[in-house]
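Structure record follows, encoded as C-alpha cells.
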Amino acid sequence: MENKKTTTKITEEFNWNALTSFRDRKKSPNPEIFEKHGVKIYNNEPYALDFFEAVFLGREIESKEPKINEARRIVSVNSVSDTTILVSLTGYIDAIIDVKNEKHFCSLHNLTTQEFVDWLNTETGVESFLDHGYQVVIESINPYVKVSLSKGQTIKIKSEFFDQIKKPTSAYVGKIMEKNGGGFIIKVQGVDGFLPGSLAATNIVRDFDAMIGKEIPVVVEDYLKESSTFVFSFKKYVSMILPTKMAELSMEDKYTGAVTGVAKYGVFVEFEDIFTGLIHTSKMTPEYKERFNTGGFKPGMPVDFWIKEITNDKKIILTDEDPSIRRAEIEDFKDKNLGTTKNGEVIAIQPFGTLVKLQKDIVGLISQKEIKSKKKVFNVGDNVLVSIDRVHNDKIYLTLPNEG
C-alpha cells in the first residue's frame, strides 16, 4: 500500500515529458572536459568540469557553503539585465552581481556599465567572459548570495603582480595620485602602490608636484610585506623597452626635448620621455656653441635637435645641425675633391685613427691601420698631406700618399 502511494506521488510530481525530451535529444560530450582530459562525459551543465575532476581525479572541490570575503570563479552566466547579472559559481552556488557597483571593473576594461551589460547580452560576449576565468568575492549571503566582480578582479591583479615580480613581462599604465615621503602613491589597475622618486623618471625628479596627475607606464618592482604595498618602477620599464624604442629613432627627423643638465663638454637633453642624449660641443653649430659658452642653456629649457649618432654602447649623440644641410655640404666636397690630395691640420688623435680638418666644418679620418702601414706619428696641430679616398654618408676617409 505504501509502495503504491509512493509510486503515485512520484508519478504526479515528476515531469516524464522532460525525461522523454532529454532522451530524444542528440547527446554530445562536454567539450571542456574532452579538450582538457580527452574523456567523453555527456553532461554539459556549468558545474560538469569541477564535478568530473572531483570524482574521477580526486581534486578537492569547493564547498557548497559560501563564506563572506571568499573568492570563487564564475562558471556560467544565467541571466543579464540592466541592473543585475545572475551567475553560477564553483561549488554550485548561484549569485547576484549588482551592476551599479561594478563601475570600477568596467573602467578597467574601458567600458561603461551599460556597454558591459550589452556585451554580456551577446553569445560571443558571454563566451569571452567565461573564457577569461573571472572570479568574484562574496560580499553577503542572506537573503541571497551577492558578489563583487571588482573585488575579484583586484585579487586577480594582485596575483598577477606577484608573478611579475618573479618574471617581468608586462607593463601597466599607472596614475600618480599624490606625494608620499620620498616618492608617490600611484594607482595601477585599481591597486594603490608606491612609486619611489628615484624610479619615477629616467633623470632626477626636481618638481614632485608637477608629477601629480600624470599617467606613466610602469612595471612591478617589489612588494613590501610590512605595509602590504606593491612597488612600481618607471625606470625599470624604460630599461626593458629601450632597445626596441631606440631602433625606432630616426637620423632624419627633428626632435624637441628638455635640457636636464649642462657639463663643460656639452648639454644633456631628455626627449620622447625615455631617452637622454648629449649635444657635445664638437657637434654644435657656431650659434649653439656661442649660446653654450655664454651660459644660455638651463635645466628644463626646450631645445630642438637631430640625432647625430648612436654609439655601440647605446649612447645617443645629438646635434643642432640639420642633417640635410650637412649632407649637401659633404656631397659638394665629394664632387670637388674625391681622389685628390689636400693639406689638412691634425685636430685630434684617437685610438681608431687621426682626425684631420680639411676645411671649415669638414673633417676626415686617417685610420690607425693606414698610419701604422706608413709608419707615421702625428701630433695635434701638425700639417699633413692626405688623399681623399672615399666618402660614405657624412664620413670622409683619408689615406697618406706614398712618398717620392
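Just remember, in the C-alpha cells the first chain shown is A, the second B, etc., residues are 1-based per chain, and ligands are 1-based in the order shown.
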List every residue of segment 85-222 of chain A that DSSP, applied to the backbone of this structure, assigns to strand (DSSP E or B), and report them as a compact mmCIF listing (two decimals) with N, CA and C atoms, in the first residue's frame.
# COMPACT_ATOMS: atom_id res chain seq x y z
N ILE A 85 23.10 40.77 -12.71
CA ILE A 85 23.58 39.65 -13.51
C ILE A 85 23.54 38.42 -12.61
N LEU A 86 22.80 37.40 -13.04
CA LEU A 86 22.73 36.15 -12.28
C LEU A 86 23.77 35.18 -12.82
N VAL A 87 24.65 34.71 -11.91
CA VAL A 87 25.74 33.81 -12.33
C VAL A 87 25.75 32.58 -11.44
N SER A 88 26.43 31.54 -11.92
CA SER A 88 26.73 30.36 -11.11
C SER A 88 28.23 30.33 -10.85
N LEU A 89 28.58 29.95 -9.63
CA LEU A 89 29.98 29.92 -9.21
C LEU A 89 30.43 28.49 -8.98
N ILE A 93 27.05 27.31 -6.68
CA ILE A 93 26.39 28.42 -5.99
C ILE A 93 25.87 29.42 -7.01
N ASP A 94 24.59 29.78 -6.86
CA ASP A 94 24.02 30.85 -7.67
C ASP A 94 24.19 32.17 -6.93
N ALA A 95 24.52 33.23 -7.67
CA ALA A 95 24.80 34.51 -7.03
C ALA A 95 24.36 35.66 -7.92
N ILE A 96 24.24 36.83 -7.29
CA ILE A 96 23.81 38.04 -7.99
C ILE A 96 24.96 39.06 -8.02
N ILE A 97 25.19 39.65 -9.20
CA ILE A 97 26.12 40.78 -9.35
C ILE A 97 25.28 42.04 -9.54
N ASP A 98 25.51 43.02 -8.67
CA ASP A 98 24.81 44.30 -8.76
C ASP A 98 25.56 45.19 -9.74
N GLN A 135 36.82 35.80 -11.55
CA GLN A 135 36.37 35.38 -10.24
C GLN A 135 35.73 36.55 -9.51
N VAL A 136 34.94 36.22 -8.48
CA VAL A 136 34.24 37.24 -7.71
C VAL A 136 34.55 37.03 -6.23
N VAL A 137 34.24 38.04 -5.44
CA VAL A 137 34.34 37.93 -3.98
C VAL A 137 32.94 38.01 -3.40
N ILE A 138 32.62 37.07 -2.51
CA ILE A 138 31.30 37.03 -1.89
C ILE A 138 31.19 38.14 -0.85
N GLU A 139 30.18 39.01 -1.03
CA GLU A 139 30.00 40.14 -0.12
C GLU A 139 28.92 39.89 0.93
N SER A 140 27.88 39.17 0.56
CA SER A 140 26.82 38.85 1.51
C SER A 140 26.18 37.53 1.12
N LYS A 146 25.37 37.64 -2.77
CA LYS A 146 25.72 38.80 -3.58
C LYS A 146 27.24 38.86 -3.70
N VAL A 147 27.73 39.08 -4.92
CA VAL A 147 29.18 39.00 -5.17
C VAL A 147 29.66 40.25 -5.90
N SER A 148 31.00 40.47 -5.84
CA SER A 148 31.61 41.64 -6.47
C SER A 148 32.65 41.21 -7.50
N TYR A 172 52.27 48.31 -17.19
CA TYR A 172 50.94 48.81 -16.89
C TYR A 172 50.96 50.34 -16.89
N VAL A 173 49.83 50.94 -17.17
CA VAL A 173 49.72 52.39 -17.08
C VAL A 173 49.22 52.74 -15.69
N GLY A 174 49.98 53.55 -14.98
CA GLY A 174 49.60 53.97 -13.64
C GLY A 174 49.38 55.47 -13.58
N LYS A 175 48.51 55.89 -12.67
CA LYS A 175 48.26 57.32 -12.49
C LYS A 175 48.81 57.76 -11.14
N ILE A 176 49.68 58.76 -11.17
CA ILE A 176 50.28 59.29 -9.94
C ILE A 176 49.23 60.12 -9.21
N MET A 177 48.90 59.71 -7.97
CA MET A 177 47.80 60.33 -7.23
C MET A 177 48.27 61.44 -6.29
N GLU A 178 49.38 61.22 -5.58
CA GLU A 178 49.85 62.19 -4.59
C GLU A 178 51.29 61.89 -4.19
N LYS A 179 51.89 62.88 -3.52
CA LYS A 179 53.24 62.69 -2.99
C LYS A 179 53.18 61.85 -1.72
N ASN A 180 54.26 61.10 -1.49
CA ASN A 180 54.30 60.28 -0.27
C ASN A 180 55.75 60.04 0.12
N GLY A 183 58.55 59.62 -2.53
CA GLY A 183 58.01 59.21 -3.82
C GLY A 183 56.55 59.58 -3.96
N PHE A 184 55.78 58.65 -4.55
CA PHE A 184 54.39 58.94 -4.88
C PHE A 184 53.51 57.73 -4.60
N ILE A 185 52.22 58.02 -4.34
CA ILE A 185 51.19 56.98 -4.38
C ILE A 185 50.72 56.91 -5.83
N ILE A 186 50.77 55.71 -6.40
CA ILE A 186 50.36 55.52 -7.79
C ILE A 186 49.30 54.45 -7.86
N LYS A 187 48.26 54.68 -8.65
CA LYS A 187 47.19 53.70 -8.80
C LYS A 187 47.41 52.95 -10.11
N VAL A 188 47.56 51.63 -10.00
CA VAL A 188 47.82 50.78 -11.16
C VAL A 188 46.77 49.68 -11.20
N VAL A 191 44.82 49.28 -8.13
CA VAL A 191 45.56 48.95 -6.90
C VAL A 191 46.49 50.11 -6.55
N ASP A 192 46.41 50.59 -5.32
CA ASP A 192 47.32 51.65 -4.87
C ASP A 192 48.68 51.07 -4.56
N GLY A 193 49.74 51.70 -5.05
CA GLY A 193 51.11 51.24 -4.81
C GLY A 193 52.03 52.42 -4.58
N PHE A 194 53.30 52.12 -4.43
CA PHE A 194 54.31 53.14 -4.14
C PHE A 194 55.27 53.25 -5.32
N LEU A 195 55.51 54.48 -5.76
CA LEU A 195 56.48 54.76 -6.83
C LEU A 195 57.59 55.63 -6.24
N PRO A 196 58.76 55.05 -5.93
CA PRO A 196 59.85 55.87 -5.38
C PRO A 196 60.26 56.97 -6.35
N GLU A 215 49.94 60.17 -16.05
CA GLU A 215 49.81 58.74 -16.31
C GLU A 215 51.08 58.26 -17.00
N ILE A 216 51.74 57.27 -16.41
CA ILE A 216 53.02 56.80 -16.93
C ILE A 216 53.05 55.28 -16.96
N PRO A 217 53.81 54.69 -17.88
CA PRO A 217 53.97 53.23 -17.90
C PRO A 217 54.93 52.79 -16.80
N VAL A 218 54.59 51.70 -16.12
CA VAL A 218 55.43 51.18 -15.04
C VAL A 218 55.44 49.65 -15.09
N VAL A 219 56.41 49.06 -14.40
CA VAL A 219 56.42 47.62 -14.16
C VAL A 219 56.48 47.40 -12.65
N VAL A 220 56.12 46.18 -12.24
CA VAL A 220 56.14 45.86 -10.81
C VAL A 220 57.59 45.59 -10.39
N GLU A 221 58.04 46.31 -9.38
CA GLU A 221 59.43 46.20 -8.92
C GLU A 221 59.56 45.28 -7.72
N ASP A 222 58.64 45.41 -6.73
CA ASP A 222 58.81 44.68 -5.47
C ASP A 222 57.49 44.70 -4.69
- Task: Show which residues sit within 12 Å of segment 333-347 of chain A, as an NGL selection string. Count only C-alpha atoms, and ignore same-chain residues fewer than 4 positions away.
- Result: :A and (282 or 326-329 or 353-366 or 377-402)
- Message: Ranking A:Asp320, A:Asp82, A:Asp332, A:Glu115 by minimum distance to Asp304 of chain A and counting only C-alpha atoms, which one comes first?
- Response: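 When distances to Asp304 of chain A are compared using only C-alpha atoms, the smallest one comes from A:Asp320.
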- atom CA of Ser79 of chain A and atom CA of Gln189 of chain A are how many Å apart?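 Taking atom CA of Ser79 of chain A as the start and atom CA of Gln189 of chain A as the end point, the length is 27.8 Å.
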For segment 259-262 of chain A, find every residue with an atom within 8 Å (counting only C-alpha atoms), except residues of its own chain fewer than 4 positions away, and show them as a compact mmCIF listing (two decimals) with N, CA and C atoms, in the first residue's frame.
# COMPACT_ATOMS: atom_id res chain seq x y z
N ASN A 203 65.64 60.58 -15.29
CA ASN A 203 66.54 61.52 -14.63
C ASN A 203 65.98 61.90 -13.27
N GLY A 266 79.29 69.75 -22.94
CA GLY A 266 78.06 69.74 -23.72
C GLY A 266 76.80 69.83 -22.88
N VAL A 267 75.66 69.61 -23.53
CA VAL A 267 74.34 69.75 -22.91
C VAL A 267 73.61 68.41 -22.97
N PHE A 268 73.07 67.97 -21.82
CA PHE A 268 72.28 66.75 -21.78
C PHE A 268 70.80 67.09 -21.99
N VAL A 269 70.14 66.29 -22.84
CA VAL A 269 68.76 66.56 -23.22
C VAL A 269 67.93 65.29 -23.07
N GLU A 270 66.76 65.43 -22.46
CA GLU A 270 65.80 64.33 -22.36
C GLU A 270 64.73 64.52 -23.42
N PHE A 297 72.08 77.77 -21.73
CA PHE A 297 71.28 76.56 -21.56
C PHE A 297 71.02 76.32 -20.07
N LYS A 298 69.75 76.19 -19.69
CA LYS A 298 69.36 75.96 -18.31
C LYS A 298 68.46 74.72 -18.22
N PRO A 299 68.52 73.97 -17.09
CA PRO A 299 67.65 72.80 -16.93
C PRO A 299 66.17 73.15 -17.14
N GLY A 300 65.49 72.28 -17.90
CA GLY A 300 64.08 72.49 -18.19
C GLY A 300 63.81 73.25 -19.47
N MET A 301 64.86 73.88 -20.02
CA MET A 301 64.69 74.68 -21.24
C MET A 301 64.47 73.78 -22.45
N PRO A 302 63.46 74.11 -23.31
CA PRO A 302 63.24 73.30 -24.51
C PRO A 302 64.31 73.55 -25.57
N VAL A 303 64.71 72.50 -26.27
CA VAL A 303 65.70 72.63 -27.35
C VAL A 303 65.30 71.72 -28.51
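As for atom CA of Arg291 of chain A and atom CA of Tyr255 of chain A, they are spaced 19.1 Å apart.
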- Item | DSSP alpha helix (DSSP H) residues within segment 65-301 of chain A, as a ChimeraX atom specification | /A:103-108,113-120,123-131,149-166,234-247,286-293
- Message: So that I can see what lies close to segment 246-254 of chain A, please list as JSON, numbers by chain the residues with an atom at most 10 Å from it, counting only C-alpha atoms and leaving out residues fewer than 2 positions away in the same chain.
- Response: {"A": [241, 242, 243, 244, 256, 272, 274, 275, 304, 305, 306, 307, 308, 309, 310, 314, 316, 318, 320, 321, 322, 323, 324]}
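With only C-alpha atoms as the atoms that count, the residue of A:Pro168, A:Pro143, A:Gly190, A:Gly182 with the shortest distance to Tyr237 of chain A is A:Pro168.
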- Residue neighbourhood Ile165 of chain A, 12 Å, only C-alpha atoms, exclusion window fewer than 2 positions, as a list in words: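 Close residues of Ile165 of chain A: Lys158, Ser159, Glu160, Phe161, Phe162, Asp163, Lys167, Pro168, Thr169, Ser170, Ala171, Val219, Val220, Glu221, Asp222, Tyr223, Leu224, Phe230, Val231, Phe232, Ser233 and Lys236 of chain A.
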Write the residues you've just listed into a file as a compact mmCIF listing (two decimals), in the first residue's frame, and include C-alpha atoms for each of them.
# COMPACT_ATOMS: atom_id res chain seq x y z
CA LYS A 158 47.46 41.33 -7.23
CA SER A 159 48.22 37.68 -8.03
CA GLU A 160 49.44 38.79 -11.46
CA PHE A 161 51.64 41.46 -9.84
CA PHE A 162 53.34 38.81 -7.68
CA ASP A 163 54.07 36.78 -10.83
CA LYS A 167 59.36 37.26 -14.12
CA PRO A 168 58.64 40.75 -15.51
CA THR A 169 56.96 40.55 -18.89
CA SER A 170 54.24 43.22 -18.77
CA ALA A 171 53.94 46.96 -18.29
CA VAL A 219 56.42 47.62 -14.16
CA VAL A 220 56.14 45.86 -10.81
CA GLU A 221 59.43 46.20 -8.92
CA ASP A 222 58.81 44.68 -5.47
CA TYR A 223 56.34 44.02 -2.64
CA LEU A 224 56.68 45.47 0.85
CA PHE A 230 53.48 46.91 -4.29
CA VAL A 231 56.42 48.99 -5.51
CA PHE A 232 56.40 50.16 -9.13
CA SER A 233 59.14 51.49 -11.39
CA LYS A 236 62.76 49.57 -15.00
- Task: Using atom CA of Ser367 of chain A and atom CA of Ala348 of chain A as the two end points, give the distance in Å to one decimal.
- Result: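 Atom CA of Ser367 of chain A sits 12.3 Å away from atom CA of Ala348 of chain A.
With distances restricted to only C-alpha atoms, A:Ala71 is the closest residue to Lys156 of chain A from A:Ile212, A:Val99, A:Val117, A:Ala71.
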